[in-house]
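K.L.:
Handing over coords.cif, mmCIF, N, CA and C atoms.
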```cif
data_query
#
loop_
_atom_site.label_atom_id
_atom_site.label_comp_id
_atom_site.auth_asym_id
_atom_site.auth_seq_id
_atom_site.Cartn_x
_atom_site.Cartn_y
_atom_site.Cartn_z
N MET A 1 27.20 132.90 221.21
CA MET A 1 28.12 133.83 221.84
C MET A 1 29.36 133.97 220.97
N LYS A 2 29.79 135.19 220.77
CA LYS A 2 30.96 135.47 219.95
C LYS A 2 32.24 135.26 220.74
N SER A 3 33.27 134.80 220.02
CA SER A 3 34.58 134.66 220.67
C SER A 3 35.17 136.05 220.88
N PHE A 4 36.13 136.12 221.77
CA PHE A 4 36.80 137.40 222.02
C PHE A 4 37.49 137.90 220.76
N ARG A 5 38.15 137.00 220.01
CA ARG A 5 38.83 137.39 218.78
C ARG A 5 37.84 137.98 217.79
N THR A 6 36.68 137.35 217.65
CA THR A 6 35.67 137.86 216.73
C THR A 6 35.19 139.24 217.18
N TYR A 7 34.94 139.41 218.47
CA TYR A 7 34.47 140.69 218.98
C TYR A 7 35.49 141.79 218.72
N ILE A 8 36.76 141.55 219.04
CA ILE A 8 37.82 142.54 218.81
C ILE A 8 38.00 142.78 217.33
N SER A 9 37.97 141.72 216.53
CA SER A 9 38.16 141.84 215.09
C SER A 9 37.10 142.73 214.45
N GLU A 10 35.85 142.52 214.82
CA GLU A 10 34.77 143.30 214.23
C GLU A 10 34.93 144.78 214.51
N ALA A 11 35.53 145.13 215.63
CA ALA A 11 35.72 146.53 215.98
C ALA A 11 36.82 147.18 215.14
N ARG A 12 37.77 146.39 214.64
CA ARG A 12 38.92 146.95 213.93
C ARG A 12 38.88 146.76 212.42
N VAL A 13 38.02 145.92 211.92
CA VAL A 13 38.05 145.53 210.51
C VAL A 13 37.53 146.66 209.63
N SER A 14 38.23 146.88 208.52
CA SER A 14 37.78 147.85 207.53
C SER A 14 37.57 147.13 206.20
N ASN A 15 36.90 147.81 205.28
CA ASN A 15 36.74 147.25 203.94
C ASN A 15 38.09 146.99 203.30
N THR A 16 39.09 147.83 203.60
CA THR A 16 40.42 147.64 203.03
C THR A 16 41.02 146.32 203.49
N ASP A 17 40.86 145.99 204.77
CA ASP A 17 41.39 144.71 205.28
C ASP A 17 40.75 143.53 204.56
N ILE A 18 39.43 143.58 204.42
CA ILE A 18 38.68 142.52 203.73
C ILE A 18 39.16 142.42 202.28
N ALA A 19 39.24 143.57 201.61
CA ALA A 19 39.64 143.59 200.21
C ALA A 19 41.06 143.08 200.02
N ASP A 20 41.97 143.47 200.90
CA ASP A 20 43.36 143.03 200.79
C ASP A 20 43.47 141.52 200.89
N VAL A 21 42.78 140.93 201.85
CA VAL A 21 42.81 139.48 202.01
C VAL A 21 42.27 138.82 200.74
N ASN A 22 41.19 139.34 200.21
CA ASN A 22 40.59 138.78 199.01
C ASN A 22 41.53 138.90 197.81
N GLU A 23 42.12 140.07 197.61
CA GLU A 23 43.03 140.29 196.47
C GLU A 23 44.24 139.36 196.52
N ILE A 24 44.82 139.25 197.70
CA ILE A 24 46.01 138.40 197.86
C ILE A 24 45.65 136.94 197.60
N LEU A 25 44.53 136.48 198.17
CA LEU A 25 44.12 135.09 197.95
C LEU A 25 43.73 134.84 196.50
N LEU A 26 43.17 135.83 195.83
CA LEU A 26 42.84 135.67 194.41
C LEU A 26 44.10 135.33 193.61
N GLY A 27 45.16 136.08 193.81
CA GLY A 27 46.41 135.80 193.11
C GLY A 27 46.98 134.44 193.48
N TYR A 28 46.91 134.12 194.76
CA TYR A 28 47.39 132.83 195.27
C TYR A 28 46.68 131.68 194.57
N TYR A 29 45.36 131.73 194.48
CA TYR A 29 44.61 130.65 193.84
C TYR A 29 44.77 130.65 192.32
N CYS A 30 44.91 131.81 191.70
CA CYS A 30 45.15 131.84 190.25
C CYS A 30 46.48 131.16 189.91
N ALA A 31 47.43 131.23 190.84
CA ALA A 31 48.75 130.62 190.63
C ALA A 31 48.80 129.18 191.12
N GLY A 32 47.66 128.56 191.31
CA GLY A 32 47.63 127.17 191.72
C GLY A 32 47.94 126.97 193.19
N ALA A 33 47.53 127.93 194.02
CA ALA A 33 47.77 127.89 195.47
C ALA A 33 49.26 127.80 195.78
N ASP A 34 50.02 128.69 195.14
CA ASP A 34 51.48 128.69 195.27
C ASP A 34 51.95 130.09 195.67
N TRP A 35 52.33 130.24 196.94
CA TRP A 35 52.81 131.55 197.42
C TRP A 35 54.06 131.98 196.66
N SER A 36 54.89 131.03 196.25
CA SER A 36 56.16 131.40 195.62
C SER A 36 55.98 132.06 194.25
N ALA A 37 54.78 131.99 193.67
CA ALA A 37 54.53 132.66 192.40
C ALA A 37 54.46 134.18 192.56
N TYR A 38 54.26 134.63 193.78
CA TYR A 38 54.19 136.08 194.03
C TYR A 38 55.57 136.72 193.94
N GLU A 39 55.62 137.86 193.31
CA GLU A 39 56.79 138.72 193.40
C GLU A 39 56.83 139.20 194.85
N ASP A 40 57.97 139.11 195.46
CA ASP A 40 58.14 139.47 196.88
C ASP A 40 57.17 138.67 197.75
N ALA A 41 57.21 137.36 197.55
CA ALA A 41 56.28 136.43 198.21
C ALA A 41 56.29 136.57 199.73
N ARG A 42 57.44 136.75 200.30
CA ARG A 42 57.52 136.85 201.77
C ARG A 42 56.71 138.04 202.28
N THR A 43 56.85 139.18 201.63
CA THR A 43 56.11 140.37 202.05
C THR A 43 54.61 140.20 201.83
N VAL A 44 54.23 139.65 200.69
CA VAL A 44 52.80 139.48 200.40
C VAL A 44 52.18 138.50 201.40
N LYS A 45 52.85 137.39 201.66
CA LYS A 45 52.31 136.42 202.61
C LYS A 45 52.24 137.03 204.01
N SER A 46 53.22 137.84 204.37
CA SER A 46 53.21 138.51 205.67
C SER A 46 52.04 139.49 205.76
N GLN A 47 51.78 140.23 204.67
CA GLN A 47 50.64 141.15 204.65
C GLN A 47 49.33 140.38 204.77
N TYR A 48 49.25 139.24 204.07
CA TYR A 48 48.06 138.41 204.18
C TYR A 48 47.85 137.98 205.63
N GLU A 49 48.89 137.45 206.25
CA GLU A 49 48.77 136.96 207.63
C GLU A 49 48.39 138.08 208.59
N GLU A 50 48.97 139.26 208.39
CA GLU A 50 48.66 140.41 209.24
C GLU A 50 47.20 140.82 209.09
N LYS A 51 46.74 140.89 207.84
CA LYS A 51 45.35 141.28 207.59
C LYS A 51 44.38 140.20 208.06
N ALA A 52 44.70 138.94 207.81
CA ALA A 52 43.82 137.84 208.20
C ALA A 52 43.68 137.77 209.72
N ALA A 53 44.72 138.15 210.45
CA ALA A 53 44.67 138.13 211.91
C ALA A 53 43.68 139.15 212.46
N ILE A 54 43.42 140.19 211.69
CA ILE A 54 42.47 141.23 212.10
C ILE A 54 41.02 140.75 211.91
N LEU A 55 40.83 139.89 210.91
CA LEU A 55 39.49 139.43 210.57
C LEU A 55 39.05 138.28 211.48
N SER A 56 37.77 138.07 211.57
CA SER A 56 37.26 136.91 212.29
C SER A 56 37.52 135.66 211.43
N ASP A 57 37.46 134.50 212.05
CA ASP A 57 37.62 133.25 211.31
C ASP A 57 36.59 133.15 210.19
N GLU A 58 35.37 133.55 210.48
CA GLU A 58 34.30 133.50 209.49
C GLU A 58 34.61 134.42 208.30
N GLN A 59 35.13 135.61 208.57
CA GLN A 59 35.47 136.54 207.49
C GLN A 59 36.60 135.99 206.63
N VAL A 60 37.60 135.38 207.25
CA VAL A 60 38.70 134.80 206.48
C VAL A 60 38.17 133.66 205.60
N GLU A 61 37.34 132.81 206.17
CA GLU A 61 36.76 131.71 205.39
C GLU A 61 35.93 132.24 204.23
N GLN A 62 35.17 133.31 204.47
CA GLN A 62 34.35 133.90 203.42
C GLN A 62 35.23 134.45 202.29
N GLN A 63 36.30 135.15 202.64
CA GLN A 63 37.18 135.71 201.62
C GLN A 63 37.93 134.60 200.88
N ASP A 64 38.30 133.56 201.59
CA ASP A 64 38.97 132.43 200.97
C ASP A 64 38.05 131.78 199.93
N ASP A 65 36.80 131.56 200.30
CA ASP A 65 35.83 130.96 199.37
C ASP A 65 35.60 131.88 198.17
N ARG A 66 35.43 133.16 198.42
CA ARG A 66 35.22 134.11 197.32
C ARG A 66 36.42 134.12 196.38
N ALA A 67 37.62 134.14 196.94
CA ALA A 67 38.83 134.19 196.12
C ALA A 67 38.99 132.93 195.27
N LYS A 68 38.67 131.78 195.84
CA LYS A 68 38.73 130.52 195.07
C LYS A 68 37.79 130.59 193.88
N ARG A 69 36.56 131.04 194.13
CA ARG A 69 35.57 131.11 193.05
C ARG A 69 35.96 132.17 192.02
N MET A 70 36.49 133.30 192.49
CA MET A 70 36.96 134.35 191.57
C MET A 70 38.09 133.81 190.70
N ALA A 71 39.01 133.08 191.30
CA ALA A 71 40.14 132.52 190.54
C ALA A 71 39.65 131.54 189.48
N GLU A 72 38.72 130.68 189.84
CA GLU A 72 38.17 129.72 188.87
C GLU A 72 37.56 130.45 187.68
N GLU A 73 36.75 131.46 187.95
CA GLU A 73 36.08 132.21 186.89
C GLU A 73 37.09 133.03 186.08
N THR A 74 38.07 133.61 186.75
CA THR A 74 39.10 134.39 186.06
C THR A 74 39.87 133.52 185.08
N LEU A 75 40.28 132.34 185.53
CA LEU A 75 41.06 131.45 184.67
C LEU A 75 40.22 130.92 183.51
N LYS A 76 38.93 130.68 183.74
CA LYS A 76 38.03 130.28 182.65
C LYS A 76 37.94 131.40 181.62
N TRP A 77 37.73 132.62 182.11
CA TRP A 77 37.62 133.77 181.22
C TRP A 77 38.91 133.98 180.45
N ALA A 78 40.04 133.89 181.14
CA ALA A 78 41.34 134.10 180.50
C ALA A 78 41.54 133.10 179.36
N LYS A 79 41.24 131.84 179.61
CA LYS A 79 41.41 130.80 178.59
C LYS A 79 40.51 131.08 177.39
N ALA A 80 39.27 131.47 177.66
CA ALA A 80 38.31 131.75 176.59
C ALA A 80 38.67 133.01 175.80
N ASN A 81 39.54 133.84 176.36
CA ASN A 81 39.88 135.10 175.71
C ASN A 81 41.35 135.17 175.28
N GLY A 82 41.95 134.03 175.04
CA GLY A 82 43.26 134.00 174.41
C GLY A 82 44.48 133.99 175.31
N TYR A 83 44.28 133.95 176.62
CA TYR A 83 45.44 133.86 177.52
C TYR A 83 45.85 132.40 177.57
N ARG A 84 47.13 132.14 177.27
CA ARG A 84 47.59 130.76 177.14
C ARG A 84 48.55 130.40 178.26
N GLY A 85 48.49 129.15 178.66
CA GLY A 85 49.41 128.62 179.66
C GLY A 85 48.93 128.84 181.08
N ASP A 86 49.83 128.56 182.00
CA ASP A 86 49.53 128.70 183.42
C ASP A 86 49.98 130.06 183.92
N VAL A 87 49.46 130.45 185.07
CA VAL A 87 49.93 131.67 185.73
C VAL A 87 51.28 131.33 186.36
N VAL A 88 52.30 132.09 185.96
CA VAL A 88 53.65 131.82 186.45
C VAL A 88 54.18 132.90 187.40
N LYS A 89 53.52 134.06 187.39
CA LYS A 89 53.98 135.16 188.24
C LYS A 89 52.76 135.98 188.64
N VAL A 90 52.78 136.45 189.89
CA VAL A 90 51.67 137.26 190.42
C VAL A 90 52.27 138.46 191.16
N TRP A 91 51.64 139.59 190.97
CA TRP A 91 51.99 140.80 191.72
C TRP A 91 50.75 141.30 192.43
N TRP A 92 50.89 141.66 193.69
CA TRP A 92 49.81 142.35 194.41
C TRP A 92 50.10 143.82 194.22
N THR A 93 49.28 144.48 193.43
CA THR A 93 49.57 145.84 192.98
C THR A 93 48.63 146.88 193.57
N ALA A 94 48.09 146.58 194.72
CA ALA A 94 47.07 147.45 195.30
C ALA A 94 47.64 148.64 196.06
N ARG A 95 48.93 148.84 196.02
CA ARG A 95 49.54 149.96 196.74
C ARG A 95 50.27 150.88 195.77
N PRO A 96 50.37 152.17 196.10
CA PRO A 96 50.99 153.14 195.18
C PRO A 96 52.38 152.69 194.70
N GLY A 97 52.58 152.78 193.39
CA GLY A 97 53.86 152.47 192.79
C GLY A 97 54.11 151.00 192.50
N SER A 98 53.27 150.11 193.03
CA SER A 98 53.54 148.68 192.87
C SER A 98 53.28 148.20 191.44
N LEU A 99 52.30 148.77 190.76
CA LEU A 99 52.03 148.36 189.38
C LEU A 99 53.19 148.79 188.47
N GLN A 100 53.69 149.99 188.70
CA GLN A 100 54.83 150.46 187.91
C GLN A 100 56.05 149.55 188.12
N ARG A 101 56.28 149.13 189.37
CA ARG A 101 57.39 148.22 189.63
C ARG A 101 57.16 146.88 188.95
N ALA A 102 55.91 146.42 188.90
CA ALA A 102 55.60 145.14 188.29
C ALA A 102 55.91 145.14 186.80
N VAL A 103 55.66 146.24 186.14
CA VAL A 103 55.90 146.31 184.71
C VAL A 103 57.29 146.88 184.40
N GLY A 104 58.08 147.08 185.44
CA GLY A 104 59.47 147.50 185.25
C GLY A 104 59.64 148.96 184.88
N ASN A 105 58.67 149.79 185.22
CA ASN A 105 58.74 151.21 184.90
C ASN A 105 59.04 151.46 183.43
N THR A 106 58.65 150.53 182.55
CA THR A 106 58.96 150.66 181.14
C THR A 106 57.90 151.44 180.37
N GLY A 107 56.82 151.72 181.02
CA GLY A 107 55.77 152.46 180.35
C GLY A 107 54.99 153.26 181.36
N GLU A 108 54.19 154.15 180.84
CA GLU A 108 53.39 154.94 181.74
C GLU A 108 52.13 154.18 182.09
N VAL A 109 51.86 154.10 183.38
CA VAL A 109 50.66 153.44 183.85
C VAL A 109 49.81 154.50 184.52
N ASP A 110 48.59 154.63 184.06
CA ASP A 110 47.66 155.61 184.61
C ASP A 110 47.51 155.37 186.11
N SER A 111 47.65 156.45 186.89
CA SER A 111 47.55 156.31 188.34
C SER A 111 46.15 155.88 188.79
N GLY A 112 45.16 155.97 187.90
CA GLY A 112 43.81 155.53 188.22
C GLY A 112 43.57 154.08 187.82
N ASN A 113 44.61 153.37 187.38
CA ASN A 113 44.45 151.99 186.95
C ASN A 113 43.93 151.15 188.10
N PRO A 114 42.87 150.37 187.87
CA PRO A 114 42.23 149.63 188.95
C PRO A 114 42.87 148.28 189.29
N THR A 115 43.97 147.90 188.63
CA THR A 115 44.55 146.58 188.87
C THR A 115 44.98 146.43 190.33
N ASP A 116 44.47 145.39 190.98
CA ASP A 116 44.87 145.04 192.34
C ASP A 116 45.81 143.84 192.33
N THR A 117 45.59 142.95 191.39
CA THR A 117 46.37 141.74 191.26
C THR A 117 46.73 141.58 189.79
N LEU A 118 48.02 141.44 189.50
CA LEU A 118 48.48 141.29 188.13
C LEU A 118 49.01 139.88 187.94
N LEU A 119 48.52 139.22 186.89
CA LEU A 119 48.93 137.86 186.58
C LEU A 119 49.78 137.87 185.32
N GLN A 120 50.82 137.04 185.32
CA GLN A 120 51.56 136.80 184.09
C GLN A 120 51.44 135.31 183.76
N PHE A 121 51.04 135.03 182.53
CA PHE A 121 50.88 133.67 182.07
C PHE A 121 52.18 133.17 181.44
N SER A 122 52.32 131.86 181.33
CA SER A 122 53.54 131.29 180.76
C SER A 122 53.75 131.73 179.32
N SER A 123 52.70 132.15 178.64
CA SER A 123 52.80 132.68 177.27
C SER A 123 53.42 134.07 177.25
N GLY A 124 53.56 134.69 178.43
CA GLY A 124 54.09 136.05 178.51
C GLY A 124 53.00 137.11 178.64
N ASP A 125 51.76 136.71 178.43
CA ASP A 125 50.64 137.66 178.53
C ASP A 125 50.40 138.07 179.97
N PHE A 126 49.96 139.32 180.15
CA PHE A 126 49.61 139.86 181.46
C PHE A 126 48.11 140.10 181.52
N LEU A 127 47.54 139.88 182.70
CA LEU A 127 46.13 140.17 182.94
C LEU A 127 46.00 140.87 184.29
N GLY A 128 45.47 142.08 184.27
CA GLY A 128 45.25 142.84 185.50
C GLY A 128 43.84 142.61 186.01
N LEU A 129 43.73 142.35 187.31
CA LEU A 129 42.44 142.08 187.94
C LEU A 129 42.12 143.13 188.98
N SER A 130 40.88 143.49 189.08
CA SER A 130 40.40 144.37 190.14
C SER A 130 39.31 143.62 190.89
N ALA A 131 39.71 143.01 191.98
CA ALA A 131 38.78 142.19 192.76
C ALA A 131 37.87 143.09 193.60
N LYS A 132 36.66 142.63 193.83
CA LYS A 132 35.68 143.39 194.63
C LYS A 132 35.11 142.49 195.72
N SER A 133 35.40 142.84 196.97
CA SER A 133 34.85 142.11 198.10
C SER A 133 34.86 143.05 199.30
N THR A 134 33.72 143.22 199.93
CA THR A 134 33.61 144.17 201.04
C THR A 134 32.83 143.55 202.20
N LEU A 135 32.68 144.36 203.23
CA LEU A 135 31.85 143.99 204.37
C LEU A 135 30.37 144.15 204.04
N GLY A 136 30.07 144.75 202.89
CA GLY A 136 28.69 144.95 202.48
C GLY A 136 28.07 146.20 203.07
N GLU A 137 28.90 147.08 203.64
CA GLU A 137 28.37 148.27 204.29
C GLU A 137 28.38 149.49 203.39
N SER A 138 29.00 149.38 202.20
CA SER A 138 29.05 150.52 201.30
C SER A 138 29.06 150.03 199.87
N ASP A 139 28.83 150.97 198.95
CA ASP A 139 28.86 150.62 197.54
C ASP A 139 30.28 150.33 197.11
N ILE A 140 30.41 149.44 196.15
CA ILE A 140 31.71 149.11 195.57
C ILE A 140 31.91 150.01 194.37
N GLY A 141 33.07 150.65 194.30
CA GLY A 141 33.39 151.51 193.18
C GLY A 141 33.84 150.69 191.99
N PHE A 142 33.31 150.97 190.81
CA PHE A 142 33.72 150.29 189.60
C PHE A 142 34.22 151.34 188.63
N LYS A 143 35.38 151.07 188.01
CA LYS A 143 35.89 151.95 186.97
C LYS A 143 36.78 151.13 186.07
N ASN A 144 36.96 151.57 184.86
CA ASN A 144 37.81 150.87 183.92
C ASN A 144 38.49 151.89 183.02
N PRO A 145 39.51 152.59 183.56
CA PRO A 145 40.17 153.59 182.74
C PRO A 145 41.14 153.01 181.73
N GLY A 146 41.42 151.72 181.83
CA GLY A 146 42.37 151.10 180.91
C GLY A 146 43.79 151.26 181.43
N MET A 147 44.63 150.36 181.01
CA MET A 147 46.00 150.34 181.51
C MET A 147 46.94 151.14 180.63
N GLY A 148 46.57 151.39 179.41
CA GLY A 148 47.48 152.08 178.52
C GLY A 148 48.51 151.10 177.97
N THR A 149 49.54 151.63 177.34
CA THR A 149 50.56 150.81 176.72
C THR A 149 51.71 150.60 177.68
N ILE A 150 52.18 149.37 177.72
CA ILE A 150 53.34 149.05 178.55
C ILE A 150 54.46 148.62 177.62
#
```
Turn this file's structure into structure tokens for me.
P.N.:
Amino acid sequence: MKSFRTYISEARVSNTDIADVNEILLGYYCAGADWSAYEDARTVKSQYEEKAAILSDEQVEQQDDRAKRMAEETLKWAKANGYRGDVVKVWWTARPGSLQRAVGNTGEVDSGNPTDTLLQFSSGDFLGLSAKSTLGESDIGFKNPGMGTI
């Protein structure tokens, strides 16, 4: 038998809610499970809590597990591809204008840029991530238009 929260949650949950929780947790785990690494940490954590409250406990646990594994693989890939040091800053850039704010409006960023979570390493290098996690009810869109010069 499903709990009332699960029943209500399933009626309101969208792929965006699932994806948002996953993206936010991905950045959190890449930064060593440190909310303070986020730019505007209070707002990001509040968004996470708001979105997680919509999901069932099982969905939150699933996204948490996915994000942990994504973070592990991301950090392995980053190290193998020349990114040095620890993640010292994270931006959740999944909303209009947030990527431009993250890079300080110093360059043109293609509006089709797929970055959802932007990491800055202690070496100063940036890595943009486009996390993919859904309810499994539709195809996931993949694109890589490139970020351009910042």
K.L.:
Tell me which residues the PyMOL selection byres ((chain A and resi 85) around 7) grabs here, as a VMD selection string.
P.N.:
chain A and resid 83 to 84 86 to 88 121 to 123
K.L.:
With the PyMOL selection byres ((chain A and resi 22) around 7) as the selection, what would be picked from this file? Answer as JSON, numbers by chain, please.
P.N.:
{"A": [17, 18, 19, 20, 21, 23, 24, 25, 26, 27, 63, 64, 66, 67, 131, 133]}
K.L.:
Looking only at the backbone, which of the residues in stretch 15-139 of chain A does DSSP tag as strand (DSSP E or B), as JSON, numbers by chain?
P.N.:
{"A": [38, 87, 88, 89, 90, 91, 92, 117, 118, 119, 120, 121, 126, 127, 128, 129]}
K.L.:
Residues picked by the PyMOL selection byres (((chain A and resi 126-130 and name CA) around 9) and name CA) here, as an mmCIF file with N, CA and C atoms, in the frame of the given file?
P.N.:
```cif
data_model
loop_
_atom_site.group_PDB
_atom_site.id
_atom_site.type_symbol
_atom_site.label_atom_id
_atom_site.label_comp_id
_atom_site.auth_asym_id
_atom_site.auth_seq_id
_atom_site.Cartn_x
_atom_site.Cartn_y
_atom_site.Cartn_z
ATOM 1 N N GLU A 23 42.120 140.070 197.610
ATOM 2 C CA GLU A 23 43.030 140.290 196.470
ATOM 3 C C GLU A 23 44.240 139.360 196.520
ATOM 4 N N THR A 74 38.070 133.610 186.750
ATOM 5 C CA THR A 74 39.100 134.390 186.060
ATOM 6 C C THR A 74 39.870 133.520 185.080
ATOM 7 N N ALA A 78 40.040 133.890 181.140
ATOM 8 C CA ALA A 78 41.340 134.100 180.500
ATOM 9 C C ALA A 78 41.540 133.100 179.360
ATOM 10 N N TYR A 83 44.280 133.950 176.620
ATOM 11 C CA TYR A 83 45.440 133.860 177.520
ATOM 12 C C TYR A 83 45.850 132.400 177.570
ATOM 13 N N ALA A 94 48.090 146.580 194.720
ATOM 14 C CA ALA A 94 47.070 147.450 195.300
ATOM 15 C C ALA A 94 47.640 148.640 196.060
ATOM 16 N N PRO A 114 42.870 150.370 187.870
ATOM 17 C CA PRO A 114 42.230 149.630 188.950
ATOM 18 C C PRO A 114 42.870 148.280 189.290
ATOM 19 N N THR A 115 43.970 147.900 188.630
ATOM 20 C CA THR A 115 44.550 146.580 188.870
ATOM 21 C C THR A 115 44.980 146.430 190.330
ATOM 22 N N ASP A 116 44.470 145.390 190.980
ATOM 23 C CA ASP A 116 44.870 145.040 192.340
ATOM 24 C C ASP A 116 45.810 143.840 192.330
ATOM 25 N N THR A 117 45.590 142.950 191.390
ATOM 26 C CA THR A 117 46.370 141.740 191.260
ATOM 27 C C THR A 117 46.730 141.580 189.790
ATOM 28 N N LEU A 118 48.020 141.440 189.500
ATOM 29 C CA LEU A 118 48.480 141.290 188.130
ATOM 30 C C LEU A 118 49.010 139.880 187.940
ATOM 31 N N LEU A 119 48.520 139.220 186.890
ATOM 32 C CA LEU A 119 48.930 137.860 186.580
ATOM 33 C C LEU A 119 49.780 137.870 185.320
ATOM 34 N N GLN A 120 50.820 137.040 185.320
ATOM 35 C CA GLN A 120 51.560 136.800 184.090
ATOM 36 C C GLN A 120 51.440 135.310 183.760
ATOM 37 N N PHE A 121 51.040 135.030 182.530
ATOM 38 C CA PHE A 121 50.880 133.670 182.070
ATOM 39 C C PHE A 121 52.180 133.170 181.440
ATOM 40 N N SER A 123 52.700 132.150 178.640
ATOM 41 C CA SER A 123 52.800 132.680 177.270
ATOM 42 C C SER A 123 53.420 134.070 177.250
ATOM 43 N N GLY A 124 53.560 134.690 178.430
ATOM 44 C CA GLY A 124 54.090 136.050 178.510
ATOM 45 C C GLY A 124 53.000 137.110 178.640
ATOM 46 N N ASP A 125 51.760 136.710 178.430
ATOM 47 C CA ASP A 125 50.640 137.660 178.530
ATOM 48 C C ASP A 125 50.400 138.070 179.970
ATOM 49 N N ALA A 131 39.710 143.010 191.980
ATOM 50 C CA ALA A 131 38.780 142.190 192.760
ATOM 51 C C ALA A 131 37.870 143.090 193.600
ATOM 52 N N LYS A 132 36.660 142.630 193.830
ATOM 53 C CA LYS A 132 35.680 143.390 194.630
ATOM 54 C C LYS A 132 35.110 142.490 195.720
ATOM 55 N N PHE A 142 33.310 150.970 190.810
ATOM 56 C CA PHE A 142 33.720 150.290 189.600
ATOM 57 C C PHE A 142 34.220 151.340 188.630
ATOM 58 N N MET A 147 44.630 150.360 181.010
ATOM 59 C CA MET A 147 46.000 150.340 181.510
ATOM 60 C C MET A 147 46.940 151.140 180.630
#
```
K.L.:
Choose the residue, out of A:Leu55, A:Ala33, A:Ala41, A:Val60, that has the smallest atom-to-atom separation from A:Ser14; count all atoms listed in the file.
P.N.:
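With all atoms listed in the file as the atom set, the closest residue is A:Leu55.
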K.L.:
Report, in Å to a single decimal, how far apart atom N of A:Asp65 and atom C of A:Ser98 are.
P.N.:
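Interatomic distance here is 25.0 Å.
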K.L.:
Find the distance between atom CA of A:Tyr28 and atom CA of A:Ala71 and write it in Å to one decimal.
P.N.:
8.7 Å
K.L.:
State, in Å with one decimal place, the distance from atom C of A:Lys76 to atom N of A:Gln47.
P.N.:
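Between atom C of A:Lys76 and atom N of A:Gln47 the gap works out to 28.3 Å.
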K.L.:
Kindly add N, CA, C and O atoms to the incomplete stretch 123-134 of chain A and provide the output as a compact mmCIF listing (two decimals), keeping the file's coordinate frame.
P.N.:
```txt
# COMPACT_ATOMS: atom_id res chain seq x y z
N SER A 123 52.70 132.15 178.64
CA SER A 123 52.80 132.68 177.27
C SER A 123 53.42 134.07 177.25
O SER A 123 53.73 134.59 176.19
N GLY A 124 53.56 134.69 178.43
CA GLY A 124 54.09 136.05 178.51
C GLY A 124 53.00 137.11 178.64
O GLY A 124 53.29 138.27 178.91
N ASP A 125 51.76 136.71 178.43
CA ASP A 125 50.64 137.66 178.53
C ASP A 125 50.40 138.07 179.97
O ASP A 125 50.58 137.28 180.90
N PHE A 126 49.96 139.32 180.15
CA PHE A 126 49.61 139.86 181.46
C PHE A 126 48.11 140.10 181.52
O PHE A 126 47.50 140.49 180.53
N LEU A 127 47.54 139.88 182.70
CA LEU A 127 46.13 140.17 182.94
C LEU A 127 46.00 140.87 184.29
O LEU A 127 46.41 140.33 185.31
N GLY A 128 45.47 142.08 184.27
CA GLY A 128 45.25 142.84 185.50
C GLY A 128 43.84 142.61 186.01
O GLY A 128 42.88 142.65 185.24
N LEU A 129 43.73 142.35 187.31
CA LEU A 129 42.44 142.08 187.94
C LEU A 129 42.12 143.13 188.98
O LEU A 129 43.01 143.57 189.72
N SER A 130 40.88 143.49 189.08
CA SER A 130 40.40 144.37 190.14
C SER A 130 39.31 143.62 190.89
O SER A 130 38.17 143.57 190.46
N ALA A 131 39.71 143.01 191.98
CA ALA A 131 38.78 142.19 192.76
C ALA A 131 37.87 143.09 193.60
O ALA A 131 38.29 144.15 194.06
N LYS A 132 36.66 142.63 193.83
CA LYS A 132 35.68 143.39 194.63
C LYS A 132 35.11 142.49 195.72
O LYS A 132 34.44 141.51 195.44
N SER A 133 35.40 142.84 196.97
CA SER A 133 34.85 142.11 198.10
C SER A 133 34.86 143.05 199.30
O SER A 133 35.90 143.64 199.62
N THR A 134 33.72 143.22 199.93
CA THR A 134 33.61 144.17 201.04
C THR A 134 32.83 143.55 202.20
O THR A 134 32.35 142.44 202.13
```
